[in-house]
Each structure stands twice: as structure tokens, then as C-alpha cells.
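Student: Attaching a single structure in C-alpha cells format; questions to follow.
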Amino acid sequence: MRSIATDKHALHATADVWVNGARLAYCEVPARVNVILAALQSAGLGPVLSPSDYGLAPILAVHDAGFVAHLRTSYAGSAARFGVAAPVLAAREGITPTRPATPPDDFVERALYYTFDCEDPILAGTWEAAYWSAQCALTAAVLVQQGERAAYALCRPPGHHATADQHGGFCYLNNIACAARYLTHTGPVAILDIDYHHGNGTQAIFYTDPRVLYCSLHADPDADYPYFWGRASEQGTGLGFGTNLNLPLPLHIGDTLYLRTLETALARIVDFRPRYLLVSLGLDIAAGDPIGKFDITPGGLQAIGESIAALDIPTILAQEGGYNLATLGANVVKVLQAFA
Ligand code: SP5
Ligand code: ZN
């Protein structure tokens with residue numbers, strides 16, 4: 001199978017960020033891409049291509065123009081405001097319930113407006129990295145649209161927490177949402193999100209859209225991030241009612257319960273008869289992840305890949321989380337092998 005990747009991700013240089021005199025502890029680091037690429041190569045999984053450039057239109061079909069401008073310009077804007085450019089990192093939580101319809105003029109308040117948490121800085125190269133991460137997902141979508149059985153987009157930064165106009169959870173642009181919306185021009189599409197965390201951004205983007213089924217298995221939001229979203233009661237609204245399926249799971253579960261729950265999601269996807277399937281592939285479900293608290297084994301990951309591949313739907317897989325650098329590459333390969 002073909003994979004899509006680019007060096008541009010390294011411009012989002014999170015491995016050594018200093019905020020207020022302290023080094024930012026960050027798991028979503030450039031080395032993640034390097035270990036995945038090395039594993040794809042040693043497994044002989046197939047060629048790795050550079051992304052094509054589909055421009056801003058498929059990004060703006062998902063994201064708010066003011067938000068995109070903020071991602072593009074706020075690092076430079078920090079120099080105008082503070083005299084020296086510095087990571088733009090909201091200093092306190094956004095106040096979601098009272099969020100006004102228009103962004104505030106003040107630079108600091110605007111940075112807060114466009115995020116729902118305080119954990120992802122906008123760095124000098126964040127925009128360019130996020131732009132090319134989305135192009136990786138779009139390129140995979142076009143390859144599959146052209147007849148490939150499956151394609152893997154090695155997206156970094158990840159995307160599934162980003163909403164139309166807020167970044168969060170290490171995510172800036174919602175890569176899989178850009179690919180999914182692009183593919184809705186061909187018919188109904190389904191998104192299966194197997195990252196450890198609920199993909200609140202993807203859910204929000206398609207919450208009213210009957211053409212896109214969103215199914216997610218994730219840690220119970222009463223117990224883990226993103227806390228405010230991911231409950232089974234969230235089923236979509238308006239015309240989209242019934243096209244959002246959340247399957248929250250307790251912490252510390254293993255292969256058996258995970259695979260049984262996956263069957264529920266896959267049955268729903270089969271019922272929906274999508275033209276394409278998009279998988280948000282987070283390896284933070286794996287045992288030993290420093291952030292995720294599930295205990296999925298390598299054999300479990302292989303079974304997940306085999307179950308999804310058995311649907312025999314043309315499939316785009318896009319990288320989301322996964323933070324154990326010692327096992328991340330091998331774990332990605334475990335899932336992808338069934339498609340290769
Ligand atoms: C894409 C994705 O998996 N995003 C996850 C966002 C999780 N946010 C909460 C993380 C808090 C853990 N902080 C530990 C950092 C250790 N380097
Ligand atoms: Zn995650």
C-alpha cells in the first residue's frame with residue numbers, strides 16, 4: 001500500500017519549546033514520524049510518497065477563515081505585540097459556554113478564543129506543518145478515489161481534536177475531516193476513530209451532516225481527555241441525528257472488550273453503506289503508551305486492522321496519536337499490514 005508523508009511536519013518543532021523559562025513537556029514530537037517511517041520501510045509496506053498540494057479550498061471547506069488566519073499569522077503577530085516572537089500558548093482555558101460569535105480584537109484574548117485548551121502552542125512553523133499534514137490526508141483520499149484499495153497518511157500534527165475554529169489536543173487542522181468532506185462529493189462516507197481519545201473536533205464538524213457517519217471508540221470522557229465530549233448520548237442533531245456513534249470504554253481495557261466493541265462500530269458502518277471509509281488511527285490505545293490508558297496488545301492491533309480491512313471498503317487511514325516512541329512504528333505496521 002502507499003503511504004503519504006513529508007518532512008514539513010518537523011517545522012512544528014515541539015521537541016524543545018520554552019514557555020516562561022520552562023521547557024514544555026510534550027509527547028507529540030517530530031521523532032514520532034521518524035520511527036513510523038523507519039518501521040514502514042523495514043516492514044516493506046510499500047512506497048512513501050510526498051503529498052500533492054490541493055491548496056486552501058479543501059481546508060476552508062472545513063475550517064473558519066478567521067481561525068485559519070490565526071494559525072497562519074499569530075506567531076508573527078506575537079512579535080508585534082510583545083517585541084519578540086514567542087510560542088502562542090493560551091494562558092488559561094477558553095470559556096466555551098459564553099464564547100461570542102466574533103473573535104476579540106485583543107491578541108491575547110484572540111489566542112484564547114481559537115483554542116479549547118492550553119496545551120498546544122503555535123510555533124514559527126506550525127501553520128506550514130499543519131497545512132502539509134492536511135495535504136497528506138487529502139492526497140491519500142485522492143489516491144483511494146482513483147482506485148487504490150487503501151492509503152495511509154502519516155499526518156503530523158494530528159487532527160481529530162481540531163474543530164472548525166478551535167485547536168486543541170495537539171491538533172490544529174482536522175486532517176481527516178478535510179479528506180472526508182472532500183470525499184462527500186462522491187457519496188456517503190464513514191469515519192472510524194480508534195484513537196484512545198474521543199475525536200471531538202471531527203464529531204463537531206459533522207454533527208449535523210447526514211452524509212458523514214462518525215463512529216468512535218475511546219476512553220470514557222468522565223475519566224480522560226477531552227472530558228467535555230464523547231458520551232454515548234451524543235448522536236448528532238438535525239439531519240445528522242443518528243450519524244454519530246460514540247462507544248466510550250473504561251480505562252485499562254484489553255483486546256477482548258475492545259474488539260467486541262469494534263464489531264458494534266463496524267456493523268453500524270456496514271449498515272450506512274459508505275463509499276469510502278476513513279480511519280483516525282491513534283496508537284495511544286496500545287499498552288505502554290505514556291498518555292493512553294488502554295492495554296491493547298500487538299496481536300490486538302493486528303486483529304483491529306484485520307477486522308477493518310475485512311469490510312472491504314476503500315479506506316484512508318490517517319495518523320492521529322500514539323506517543324511511545326519505542327513501539328509506535330511497529331504498532332502502526334501491525335494495523336496497516338491487513339491493508340498491504
Ligand atoms: C491526538 C491526541 O492523541 N491528542 C491527545 C491530547 C491529550 N491531551 C492530554 C494530555 C495530557 C498528558 N500530558 C503528559 C505529557 C507528557 N509528555
Ligand atoms: Zn489520542
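FYI, nothing fancy with the C-alpha cells labels: chains A, B, ... in order, residues from 1 per chain, ligands from 1 as they appear.
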Please report, as a tab-separated table, each residue of chain A lying at most 8 Å from ligand 2, together with the nearest pair of atoms and the separation in Å rounded to one decimal; use only C-alpha atoms and all ligand atoms, and order rows by chain and ascending residue number.
Tutor:
```
residue	atom	partner	partner_atom_place_in_ligand_line	distance
A:Gly169	CA	ligand 2	1 (Zn)	7.9
A:Asp195	CA	ligand 2	1 (Zn)	4.9
A:Tyr196	CA	ligand 2	1 (Zn)	4.8
A:His197	CA	ligand 2	1 (Zn)	4.3
A:His198	CA	ligand 2	1 (Zn)	7.5
A:Gly282	CA	ligand 2	1 (Zn)	5.8
A:Leu283	CA	ligand 2	1 (Zn)	7.6
A:Asp284	CA	ligand 2	1 (Zn)	5.6
A:Ile285	CA	ligand 2	1 (Zn)	7.9
A:Ile291	CA	ligand 2	1 (Zn)	7.8
A:Gly292	CA	ligand 2	1 (Zn)	7.0
A:Glu320	CA	ligand 2	1 (Zn)	6.6
A:Gly321	CA	ligand 2	1 (Zn)	4.4
A:Gly322	CA	ligand 2	1 (Zn)	6.6
```
Student: Skip Ile313 in chain A itself and residues of its chain fewer than 3 positions away, then list as a PDB file with N, CA, C and O atoms, in the first residue's frame all residues within 8 Å of it, counting only C-alpha atoms.
Tutor:
```
ATOM      1  N   ARG A 149      -6.908   0.469  -3.104  1.00  0.00           N
ATOM      2  CA  ARG A 149      -7.755  -0.179  -2.113  1.00  0.00           C
ATOM      3  C   ARG A 149      -7.655   0.532  -0.759  1.00  0.00           C
ATOM      4  O   ARG A 149      -8.626   0.628  -0.013  1.00  0.00           O
ATOM      5  N   PRO A 274     -21.154   3.185   3.243  1.00  0.00           N
ATOM      6  CA  PRO A 274     -20.338   4.308   2.777  1.00  0.00           C
ATOM      7  C   PRO A 274     -19.576   3.968   1.506  1.00  0.00           C
ATOM      8  O   PRO A 274     -19.216   2.800   1.284  1.00  0.00           O
ATOM      9  N   ARG A 275     -19.327   4.982   0.720  1.00  0.00           N
ATOM     10  CA  ARG A 275     -18.499   4.802  -0.478  1.00  0.00           C
ATOM     11  C   ARG A 275     -17.029   4.666  -0.077  1.00  0.00           C
ATOM     12  O   ARG A 275     -16.270   3.938  -0.699  1.00  0.00           O
ATOM     13  N   TYR A 276     -16.644   5.411   0.962  1.00  0.00           N
ATOM     14  CA  TYR A 276     -15.274   5.357   1.486  1.00  0.00           C
ATOM     15  C   TYR A 276     -15.314   5.295   2.998  1.00  0.00           C
ATOM     16  O   TYR A 276     -16.244   5.801   3.627  1.00  0.00           O
ATOM     17  N   LEU A 277     -14.268   4.662   3.553  1.00  0.00           N
ATOM     18  CA  LEU A 277     -14.072   4.621   4.997  1.00  0.00           C
ATOM     19  C   LEU A 277     -12.782   5.372   5.328  1.00  0.00           C
ATOM     20  O   LEU A 277     -11.755   5.168   4.668  1.00  0.00           O
ATOM     21  N   ALA A 309     -10.181  -4.127   7.686  1.00  0.00           N
ATOM     22  CA  ALA A 309      -9.897  -4.474   6.288  1.00  0.00           C
ATOM     23  C   ALA A 309     -10.939  -5.440   5.739  1.00  0.00           C
ATOM     24  O   ALA A 309     -11.265  -5.407   4.554  1.00  0.00           O
TER      25      ALA A 309
END
```
Student: Work out how far apart CA of Asp209 in chain A and CA of Gly242 in chain A are and give it in Å to one decimal.
Tutor: 10.1 Å
Student: Measuring between only C-alpha atoms, which one of A:Ser74, A:Ser216, A:Thr115, A:Gln145 shows the shortest distance to Gly187 in chain A?
Tutor: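 Answer, going by the shortest atom-to-atom distance: A:Gln145.
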Student: Of the candidates A:Arg231, A:Arg99, A:Arg181, A:Arg273, which one gets nearest to Leu138 in chain A if we count only C-alpha atoms?
Tutor: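 Distance minimum relative to Leu138 in chain A lands on A:Arg181.
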Student: For the strand (DSSP E or B) assignment from backbone DSSP, which residues of range 221-275 of chain A qualify? Please present them as a ChimeraX atom specification.
Tutor: /A:244-249
Student: Show which residues sit within 10 Å of range 8-13 of chain A, as a ChimeraX atom specification. Count only C-alpha atoms, and ignore same-chain residues fewer than 5 positions away.
Tutor: /A:28-31,33-34,121-133,154-157
Student: Identify which of the residues A:Phe67, A:Phe241, A:Tyr172, A:Tyr114 lies closest to ligand 1, counting only C-alpha atoms and all ligand atoms when measuring atom-to-atom distances.
Tutor: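 Of A:Phe67, A:Phe241, A:Tyr172, A:Tyr114, the one nearest ligand 1 is A:Tyr172, counting only C-alpha atoms and all ligand atoms.
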Student: Name all residues at most 10 Å from Pro210 in chain A (count only C-alpha atoms; drop same-chain ones fewer than 5 positions away) and give them as a list of chain:residue names.
Tutor: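 Non-adjacent residues within range: A:Pro188, A:Val189, A:Gly236, A:Thr237, A:Gly238, A:Leu239, A:Gly240, A:Phe241, A:Gly242, A:Thr243, A:Asn244.
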Student: Let me make sure I understand: among A:Thr6, A:Gln337, A:Asn174, A:Ser233, which one has the smallest atom-to-atom distance to ligand 1 if we use only C-alpha atoms and all ligand atoms?
Tutor: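 Of all the options, A:Asn174 lies closest to ligand 1.
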Student: I'd like the interatomic distance between CA of Thr98 in chain A and CA of Leu247 in chain A, to a tenth of an Å.
Tutor: 28.5 Å
Student: Write out as a compact mmCIF listing (two decimals) with C-alpha atoms, in the first residue's frame the residues lying within 9 Å of Leu266 in chain A, counting only C-alpha atoms and excluding same-chain residues fewer than 2 positions away.
Tutor:
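Okay, out_14.txt is ready:
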```txt
# COMPACT_ATOMS: atom_id res chain seq x y z
CA LEU A 192 -13.98 5.27 12.27
CA CYS A 215 -18.06 6.27 14.93
CA THR A 261 -16.94 -3.07 20.83
CA LEU A 262 -15.25 -2.57 17.47
CA GLU A 263 -17.70 -5.08 15.98
CA THR A 264 -20.57 -2.79 17.06
CA ARG A 268 -23.07 0.36 12.03
CA ILE A 269 -20.64 1.32 9.27
CA VAL A 270 -21.75 -1.59 7.08
CA ASP A 271 -25.41 -0.52 7.56
CA SER A 307 -11.46 -6.54 11.17
CA ILE A 308 -11.48 -3.13 9.48
CA LEU A 311 -15.20 -4.72 5.48
```
Student: Tell me which of A:Asp255, A:Glu234, A:Asp120, A:Asp222 sits closest to ligand 1, counting only C-alpha atoms and all ligand atoms.
Tutor: A:Asp120
Student: Which one is closest to Leu245 in chain A: A:Ala86, A:Val35, A:Val212, A:Leu183? Count only C-alpha atoms.
Tutor: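 Nearest candidate to Leu245 in chain A out of A:Ala86, A:Val35, A:Val212, A:Leu183: A:Val212.
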Student: Would you give me, as a ChimeraX atom specification, the residues in range 199-253 of chain A that DSSP reads as alpha helix (DSSP H)?
Tutor: /A:200-205
Student: With all heavy atoms retained, could you export that selection as a CSV table (one decimal), in the first residue's frame?
Tutor:
```csv
chain,number,residue,atom,x,y,z
A,200,ASN,N,-13.4,14.9,19.3
A,200,ASN,CA,-14.4,15.9,19.5
A,200,ASN,C,-14.5,16.9,18.3
A,200,ASN,O,-15.6,17.3,17.9
A,200,ASN,CB,-14.2,16.7,20.8
A,200,ASN,CG,-12.8,17.4,20.8
A,200,ASN,OD1,-11.8,16.8,20.9
A,200,ASN,ND2,-12.8,18.7,20.6
A,201,GLY,N,-13.3,17.1,17.7
A,201,GLY,CA,-13.4,18.1,16.5
A,201,GLY,C,-14.1,17.5,15.3
A,201,GLY,O,-14.9,18.1,14.7
A,202,THR,N,-13.8,16.2,15.0
A,202,THR,CA,-14.4,15.5,13.9
A,202,THR,C,-15.9,15.4,14.2
A,202,THR,O,-16.7,15.7,13.3
A,202,THR,CB,-13.8,14.2,13.7
A,202,THR,OG1,-12.4,14.3,13.7
A,202,THR,CG2,-14.2,13.6,12.4
A,203,GLN,N,-16.3,15.0,15.4
A,203,GLN,CA,-17.7,14.9,15.7
A,203,GLN,C,-18.4,16.3,15.5
A,203,GLN,O,-19.5,16.3,14.9
A,203,GLN,CB,-17.8,14.5,17.2
A,203,GLN,CG,-19.3,14.7,17.7
A,203,GLN,CD,-19.4,14.1,19.1
A,203,GLN,OE1,-19.3,13.0,19.4
A,203,GLN,NE2,-19.8,15.0,20.1
A,204,ALA,N,-17.8,17.3,16.0
A,204,ALA,CA,-18.4,18.7,15.9
A,204,ALA,C,-18.6,19.1,14.4
A,204,ALA,O,-19.6,19.6,14.0
A,204,ALA,CB,-17.6,19.7,16.7
A,205,ILE,N,-17.6,18.8,13.6
A,205,ILE,CA,-17.6,19.2,12.2
A,205,ILE,C,-18.8,18.6,11.5
A,205,ILE,O,-19.4,19.2,10.6
A,205,ILE,CB,-16.2,19.0,11.6
A,205,ILE,CG1,-15.2,20.0,12.1
A,205,ILE,CG2,-16.3,19.0,10.0
A,205,ILE,CD1,-13.8,19.6,11.9
```
Student: Neighbouring residues of Gly300 in chain A were defined as those with any atom within 8 Å, considering only C-alpha atoms; residues of the same chain fewer than 3 positions away were excluded. Please report them as a list in words.
Tutor: Asp255, Leu259, Ile296, Thr297, Ala303 and Ile304 of chain A
